[in-house]
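Novice: Data: start.txt, compact mmCIF, C-alpha atoms.
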```txt
# COMPACT_ATOMS: atom_id res chain seq x y z
CA MET A 29 -3.10 -6.19 -13.54
CA VAL A 30 -4.40 -2.72 -14.27
CA VAL A 31 -4.47 -0.41 -11.29
CA LYS A 32 -6.88 2.49 -11.43
CA VAL A 33 -6.85 5.71 -9.42
CA PHE A 34 -10.06 7.42 -8.31
CA ASP A 35 -11.09 10.72 -6.77
CA ALA A 36 -13.48 10.10 -3.85
CA TYR A 37 -16.14 12.69 -3.01
CA ILE A 38 -18.35 13.15 0.04
CA GLU A 39 -21.08 15.80 0.00
CA GLY A 40 -19.62 17.18 -3.23
CA GLU A 41 -16.15 17.75 -1.74
CA LYS A 42 -13.17 15.83 -3.05
CA GLN A 43 -11.70 14.03 -0.05
CA VAL A 44 -8.92 11.82 -1.38
CA THR A 45 -7.30 10.42 -4.52
CA GLY A 46 -6.08 6.84 -4.63
CA THR A 47 -6.62 3.22 -5.58
CA ILE A 48 -9.61 1.30 -4.26
CA ASP A 49 -7.49 -0.12 -1.43
CA GLU A 50 -6.03 3.27 -0.52
CA ILE A 51 -9.45 4.93 -0.41
CA ALA A 52 -10.89 2.04 1.61
CA ASP A 53 -8.03 2.37 4.12
CA TYR A 54 -8.40 6.16 4.27
CA PHE A 55 -12.10 5.96 5.19
CA ASP A 56 -11.76 2.64 7.08
CA VAL A 57 -14.46 1.00 4.95
CA SER A 58 -14.55 -2.14 2.82
CA ARG A 59 -13.45 -2.43 -0.79
CA GLN A 60 -17.07 -3.24 -1.61
CA SER A 61 -18.14 0.16 -0.26
CA ILE A 62 -15.65 1.89 -2.53
CA SER A 63 -16.84 -0.22 -5.46
CA LEU A 64 -20.34 1.10 -4.77
CA TRP A 65 -19.00 4.66 -4.70
CA ILE A 66 -17.39 4.01 -8.10
CA LYS A 67 -20.69 2.68 -9.41
CA ASN A 68 -22.40 5.83 -8.10
CA GLY A 69 -19.75 7.93 -9.86
CA LYS A 70 -20.61 6.32 -13.20
CA ASP A 71 -24.24 7.40 -12.86
CA PRO A 72 -24.49 11.18 -13.39
CA LYS A 73 -27.73 11.31 -11.36
CA LYS A 74 -25.96 9.84 -8.32
CA ALA A 75 -22.63 11.65 -8.73
CA ASN A 76 -23.88 14.69 -6.86
CA PRO A 77 -23.40 16.13 -3.37
CA LYS A 78 -25.95 13.89 -1.65
CA TYR A 79 -24.14 10.67 -2.57
CA LYS A 80 -20.69 9.37 -1.76
CA HIS A 81 -19.07 8.69 -5.11
CA ALA A 82 -15.72 8.09 -6.77
CA ILE A 83 -14.72 9.04 -10.29
CA LEU A 84 -11.82 7.64 -12.30
CA ASN A 85 -8.85 10.01 -12.34
CA LYS A 86 -7.55 9.29 -15.84
CA GLU A 87 -4.38 11.37 -15.46
CA LYS A 88 -3.24 9.70 -12.22
CA THR A 89 -4.20 6.26 -13.56
CA LYS A 90 -2.06 6.84 -16.66
CA GLU A 91 0.88 8.02 -14.51
CA LEU A 92 0.61 4.94 -12.29
CA MET A 93 0.47 2.60 -15.28
CA GLU A 94 3.55 4.23 -16.82
CA GLN A 95 5.39 3.98 -13.49
CA LYS A 96 4.53 0.29 -13.16
CA LYS A 97 5.64 -0.33 -16.75
CA LYS A 98 9.03 1.29 -16.01
CA GLU A 99 9.45 -0.71 -12.81
CA GLY A 100 8.65 -3.92 -14.69
CA ARG A 101 11.57 -3.29 -17.03
CA LYS A 102 13.96 -3.13 -14.10
CA LEU A 103 13.47 -6.77 -13.21
CA PRO A 104 16.75 -8.69 -13.26
CA ALA A 105 17.41 -11.17 -16.06
CA SER A 106 17.29 -14.88 -15.27
CA VAL A 107 20.64 -16.43 -14.41
CA TYR A 108 21.54 -19.92 -15.58
CA ASP A 109 24.22 -22.53 -14.94
CA TYR A 110 25.53 -23.68 -18.33
CA TYR A 111 26.65 -27.30 -18.71
CA ASP A 112 28.17 -29.04 -21.71
CA LYS A 113 27.99 -32.86 -21.68
CA GLY A 114 27.33 -32.81 -17.95
CA GLU A 115 30.32 -30.59 -17.16
CA PHE A 116 29.70 -27.19 -15.59
CA ILE A 117 30.98 -24.39 -17.84
CA MET A 118 29.75 -21.09 -16.40
CA THR A 119 26.95 -19.14 -14.72
CA GLY A 120 25.33 -16.08 -16.27
CA THR A 121 22.39 -14.56 -18.08
CA ALA A 122 21.50 -15.87 -21.53
CA ARG A 123 23.23 -12.84 -23.06
CA GLU A 124 26.40 -13.34 -21.00
CA ILE A 125 26.61 -17.04 -21.84
CA SER A 126 25.92 -16.30 -25.49
CA GLN A 127 28.69 -13.72 -25.70
CA ALA A 128 31.25 -15.66 -23.69
CA LEU A 129 30.82 -18.90 -25.63
CA ASP A 130 29.93 -17.37 -29.00
CA ILE A 131 26.57 -19.18 -29.11
CA ASP A 132 23.35 -17.67 -30.45
CA LYS A 133 21.19 -16.46 -27.55
CA ARG A 134 18.17 -18.34 -28.95
CA ASN A 135 20.15 -21.56 -28.59
CA ILE A 136 20.71 -20.78 -24.91
CA TYR A 137 16.94 -20.55 -24.41
CA SER A 138 16.40 -23.85 -26.21
CA TYR A 139 19.08 -25.44 -23.98
CA VAL A 140 17.22 -24.10 -20.94
CA GLN A 141 14.02 -25.78 -22.14
CA ALA A 142 15.87 -29.02 -22.87
CA GLY A 143 17.46 -28.88 -19.42
CA LYS A 144 14.06 -28.43 -17.77
CA ASN A 145 12.77 -31.54 -19.53
CA SER A 146 15.83 -33.71 -19.03
CA PHE A 147 15.46 -36.42 -16.40
CA GLU A 148 19.22 -36.44 -15.75
CA TYR A 149 19.18 -32.70 -15.19
CA LYS A 150 16.36 -33.00 -12.64
CA LYS A 151 18.28 -35.61 -10.64
CA LYS A 152 21.20 -33.20 -10.30
```
Go through the file and emit its structure as structure tokens.

Specialist:
Amino acid sequence: MVVKVFDAYIEGEKQVTGTIDEIADYFDVSRQSISLWIKNGKDPKKANPKYKHAILNKEKTKELMEQKKKEGRKLPASVYDYYDKGEFIMTGTAREISQALDIDKRNIYSYVQAGKNSFEYKKK
């Protein structure tokens, strides 16, 4: 989901910078009101001091998107229980299992898919 940041103006004065939800909370109005302000900001005739309007802040939006991208990379890897012929061998990430047992990591992922589809596995 792309999050955008806007500058909100009232009577030509910038009041606040934030996402739609943040601006709505700041002014205690609905998201629909802020969406209308954004629509007004897209029309140069309405984006003037007599209208409430909001204009996309490209710099802040880019910063927020980069921050979210970095945070997404910090998600932990999935951890699996590895079984061989029904006997538990070890627990670890695909990389850990691959290294410990000298098995190609792609094979680990195919084993995960096979395990998800196995009726015997589901009963356990």

Novice: In Å, with one decimal, what is the gap from CA of Glu50 in chain A to CA of Glu99 in chain A?

Specialist: 20.2 Å

Novice: Taking all atoms listed in the file into account, produce a table as JSON lines in which each residue of range 36-122 of chain A with an atom at most 10 Å from an atom of range 126-139 of chain A appears once, together with its shortest atom pair and the distance in Å to one decimal, ordered by chain and rising number.

Specialist:
```
{"residue": "A:Tyr108", "atom": "CA", "partner": "A:Ile136", "partner_atom": "CA", "distance": 9.4}
{"residue": "A:Tyr110", "atom": "CA", "partner": "A:Ile136", "partner_atom": "CA", "distance": 8.7}
{"residue": "A:Tyr111", "atom": "CA", "partner": "A:Tyr139", "partner_atom": "CA", "distance": 9.4}
{"residue": "A:Ile117", "atom": "CA", "partner": "A:Leu129", "partner_atom": "CA", "distance": 9.5}
{"residue": "A:Met118", "atom": "CA", "partner": "A:Ala128", "partner_atom": "CA", "distance": 9.2}
{"residue": "A:Gly120", "atom": "CA", "partner": "A:Ser126", "partner_atom": "CA", "distance": 9.2}
{"residue": "A:Thr121", "atom": "CA", "partner": "A:Ser126", "partner_atom": "CA", "distance": 8.4}
{"residue": "A:Ala122", "atom": "CA", "partner": "A:Ser126", "partner_atom": "CA", "distance": 6.0}
```

Novice: Any idea what the distance is between CA of Asp56 in chain A and CA of Val33 in chain A?

Specialist: 17.5 Å

Novice: At what distance in Å, to one decimal, does CA of Glu41 in chain A lie from CA of Lys78 in chain A?

Specialist: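 Between CA of Lys78 in chain A and CA of Glu41 in chain A the gap is 10.5 Å.
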
Novice: Considering only C-alpha atoms, state which residue in the set A:Lys88, A:Lys73, A:Lys80, A:Arg59 is at the smallest distance from Gly40 in chain A.

Specialist: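 Checking each of A:Lys88, A:Lys73, A:Lys80, A:Arg59 against Gly40 in chain A, counting only C-alpha atoms, the winner is A:Lys80.
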
Novice: Using all atoms listed in the file, which of A:Gln60, A:Ser106, A:Gln141, A:Thr45 sits nearest Arg123 in chain A?

Specialist: A:Ser106

Novice: What's the 9 Å shell around range 70-72 of chain A, counting all atoms listed in the file, without same-chain residues fewer than 3 positions away, as a list in words?

Specialist: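 Answer for this query is Trp65, Ile66, Lys67, Ala75, Asn76, His81, Ala82, Ile83 and Leu84 of chain A.
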
Novice: Nearest to Ile62 in chain A among A:Met93, A:Ile125, A:Val140, A:Ala36, with distances taken over only C-alpha atoms: which residue is it?

Specialist: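 That would be A:Ala36, the residue with the smallest distance to Ile62 in chain A.
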
Novice: For Ile51 in chain A, which residue out of A:Val107, A:Glu39, A:Lys32, A:Lys98 is the nearest one, using all atoms listed in the file?

Specialist: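 Among A:Val107, A:Glu39, A:Lys32, A:Lys98, it is A:Lys32 that comes nearest to Ile51 in chain A.
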
Novice: For Lys86 in chain A, work out the shell of residues within 10 Å, counting only C-alpha atoms and skipping chain neighbours fewer than 4 positions away, then give it as a ChimeraX atom specification.

Specialist: /A:32-35,90-92

Novice: Would you please take range 38-50 of chain A of the structure in the block above and write all heavy atoms to a file as an mmCIF file, in the first residue's frame?

Specialist:
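Now in selection18.cif:
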```cif
data_model
loop_
_atom_site.group_PDB
_atom_site.id
_atom_site.type_symbol
_atom_site.label_atom_id
_atom_site.label_comp_id
_atom_site.auth_asym_id
_atom_site.auth_seq_id
_atom_site.Cartn_x
_atom_site.Cartn_y
_atom_site.Cartn_z
ATOM 1 N N ILE A 38 -5.285 26.169 4.916
ATOM 2 C CA ILE A 38 -6.546 26.852 5.201
ATOM 3 C C ILE A 38 -6.268 28.341 5.059
ATOM 4 O O ILE A 38 -5.309 28.857 5.646
ATOM 5 C CB ILE A 38 -7.084 26.529 6.613
ATOM 6 C CG1 ILE A 38 -7.440 25.044 6.701
ATOM 7 C CG2 ILE A 38 -8.299 27.402 6.939
ATOM 8 C CD1 ILE A 38 -7.991 24.600 8.036
ATOM 9 N N GLU A 39 -7.113 28.996 4.250
ATOM 10 C CA GLU A 39 -6.966 30.432 3.971
ATOM 11 C C GLU A 39 -5.541 30.762 3.522
ATOM 12 O O GLU A 39 -4.956 31.763 3.918
ATOM 13 C CB GLU A 39 -7.377 31.265 5.185
ATOM 14 C CG GLU A 39 -8.845 31.092 5.554
ATOM 15 C CD GLU A 39 -9.255 31.886 6.777
ATOM 16 O OE1 GLU A 39 -8.439 32.664 7.302
ATOM 17 O OE2 GLU A 39 -10.400 31.716 7.193
ATOM 18 N N GLY A 40 -4.979 29.879 2.687
ATOM 19 C CA GLY A 40 -3.654 30.125 2.119
ATOM 20 C C GLY A 40 -2.485 29.831 3.033
ATOM 21 O O GLY A 40 -1.335 29.925 2.625
ATOM 22 N N GLU A 41 -2.745 29.460 4.283
ATOM 23 C CA GLU A 41 -1.677 29.188 5.256
ATOM 24 C C GLU A 41 -1.528 27.682 5.445
ATOM 25 O O GLU A 41 -2.506 26.981 5.715
ATOM 26 C CB GLU A 41 -2.009 29.816 6.616
ATOM 27 C CG GLU A 41 -2.063 31.324 6.618
ATOM 28 C CD GLU A 41 -0.688 31.955 6.598
ATOM 29 O OE1 GLU A 41 0.245 31.379 7.203
ATOM 30 O OE2 GLU A 41 -0.546 33.014 5.969
ATOM 31 N N LYS A 42 -0.294 27.216 5.311
ATOM 32 C CA LYS A 42 -0.041 25.796 5.548
ATOM 33 C C LYS A 42 -0.246 25.519 7.031
ATOM 34 O O LYS A 42 0.356 26.160 7.886
ATOM 35 C CB LYS A 42 1.387 25.438 5.124
ATOM 36 C CG LYS A 42 1.736 23.988 5.286
ATOM 37 C CD LYS A 42 3.113 23.717 4.706
ATOM 38 C CE LYS A 42 3.727 22.501 5.308
ATOM 39 N NZ LYS A 42 5.075 22.265 4.807
ATOM 40 N N GLN A 43 -1.110 24.541 7.312
ATOM 41 C CA GLN A 43 -1.452 24.225 8.693
ATOM 42 C C GLN A 43 -0.747 22.988 9.220
ATOM 43 O O GLN A 43 -0.330 22.953 10.363
ATOM 44 C CB GLN A 43 -2.972 24.024 8.819
ATOM 45 C CG GLN A 43 -3.792 25.218 8.394
ATOM 46 C CD GLN A 43 -3.615 26.388 9.335
ATOM 47 O OE1 GLN A 43 -3.659 26.241 10.550
ATOM 48 N NE2 GLN A 43 -3.396 27.573 8.775
ATOM 49 N N VAL A 44 -0.650 21.963 8.371
ATOM 50 C CA VAL A 44 -0.106 20.691 8.833
ATOM 51 C C VAL A 44 0.355 19.865 7.633
ATOM 52 O O VAL A 44 -0.130 20.052 6.525
ATOM 53 C CB VAL A 44 -1.173 19.920 9.666
ATOM 54 C CG1 VAL A 44 -2.337 19.478 8.828
ATOM 55 C CG2 VAL A 44 -0.569 18.741 10.414
ATOM 56 N N THR A 45 1.302 18.968 7.893
ATOM 57 C CA THR A 45 1.769 18.005 6.899
ATOM 58 C C THR A 45 1.522 16.620 7.472
ATOM 59 O O THR A 45 1.837 16.370 8.639
ATOM 60 C CB THR A 45 3.272 18.200 6.607
ATOM 61 O OG1 THR A 45 3.471 19.496 6.059
ATOM 62 C CG2 THR A 45 3.786 17.159 5.638
ATOM 63 N N GLY A 46 0.950 15.732 6.652
ATOM 64 C CA GLY A 46 0.718 14.377 7.130
ATOM 65 C C GLY A 46 -0.063 13.544 6.135
ATOM 66 O O GLY A 46 -0.415 14.004 5.053
ATOM 67 N N THR A 47 -0.337 12.301 6.535
ATOM 68 C CA THR A 47 -1.156 11.411 5.721
ATOM 69 C C THR A 47 -2.607 11.850 5.839
ATOM 70 O O THR A 47 -2.947 12.705 6.673
ATOM 71 C CB THR A 47 -1.024 9.955 6.204
ATOM 72 O OG1 THR A 47 -1.544 9.872 7.537
ATOM 73 C CG2 THR A 47 0.408 9.482 6.160
ATOM 74 N N ILE A 48 -3.466 11.257 5.040
ATOM 75 C CA ILE A 48 -4.891 11.601 5.100
ATOM 76 C C ILE A 48 -5.420 11.400 6.513
ATOM 77 O O ILE A 48 -6.104 12.260 7.062
ATOM 78 C CB ILE A 48 -5.702 10.769 4.080
ATOM 79 C CG1 ILE A 48 -5.335 11.187 2.658
ATOM 80 C CG2 ILE A 48 -7.197 10.913 4.319
ATOM 81 C CD1 ILE A 48 -5.972 10.345 1.573
ATOM 82 N N ASP A 49 -5.097 10.266 7.130
ATOM 83 C CA ASP A 49 -5.573 9.983 8.485
ATOM 84 C C ASP A 49 -5.039 10.996 9.491
ATOM 85 O O ASP A 49 -5.763 11.443 10.378
ATOM 86 C CB ASP A 49 -5.190 8.569 8.916
ATOM 87 C CG ASP A 49 -5.986 7.495 8.193
ATOM 88 O OD1 ASP A 49 -7.150 7.767 7.810
ATOM 89 O OD2 ASP A 49 -5.452 6.386 8.008
ATOM 90 N N GLU A 50 -3.767 11.328 9.380
ATOM 91 C CA GLU A 50 -3.165 12.286 10.320
ATOM 92 C C GLU A 50 -3.802 13.664 10.196
ATOM 93 O O GLU A 50 -4.100 14.316 11.212
ATOM 94 C CB GLU A 50 -1.651 12.384 10.082
ATOM 95 C CG GLU A 50 -0.906 11.125 10.462
ATOM 96 C CD GLU A 50 0.541 11.105 9.996
ATOM 97 O OE1 GLU A 50 0.908 11.870 9.080
ATOM 98 O OE2 GLU A 50 1.320 10.288 10.550
#
```
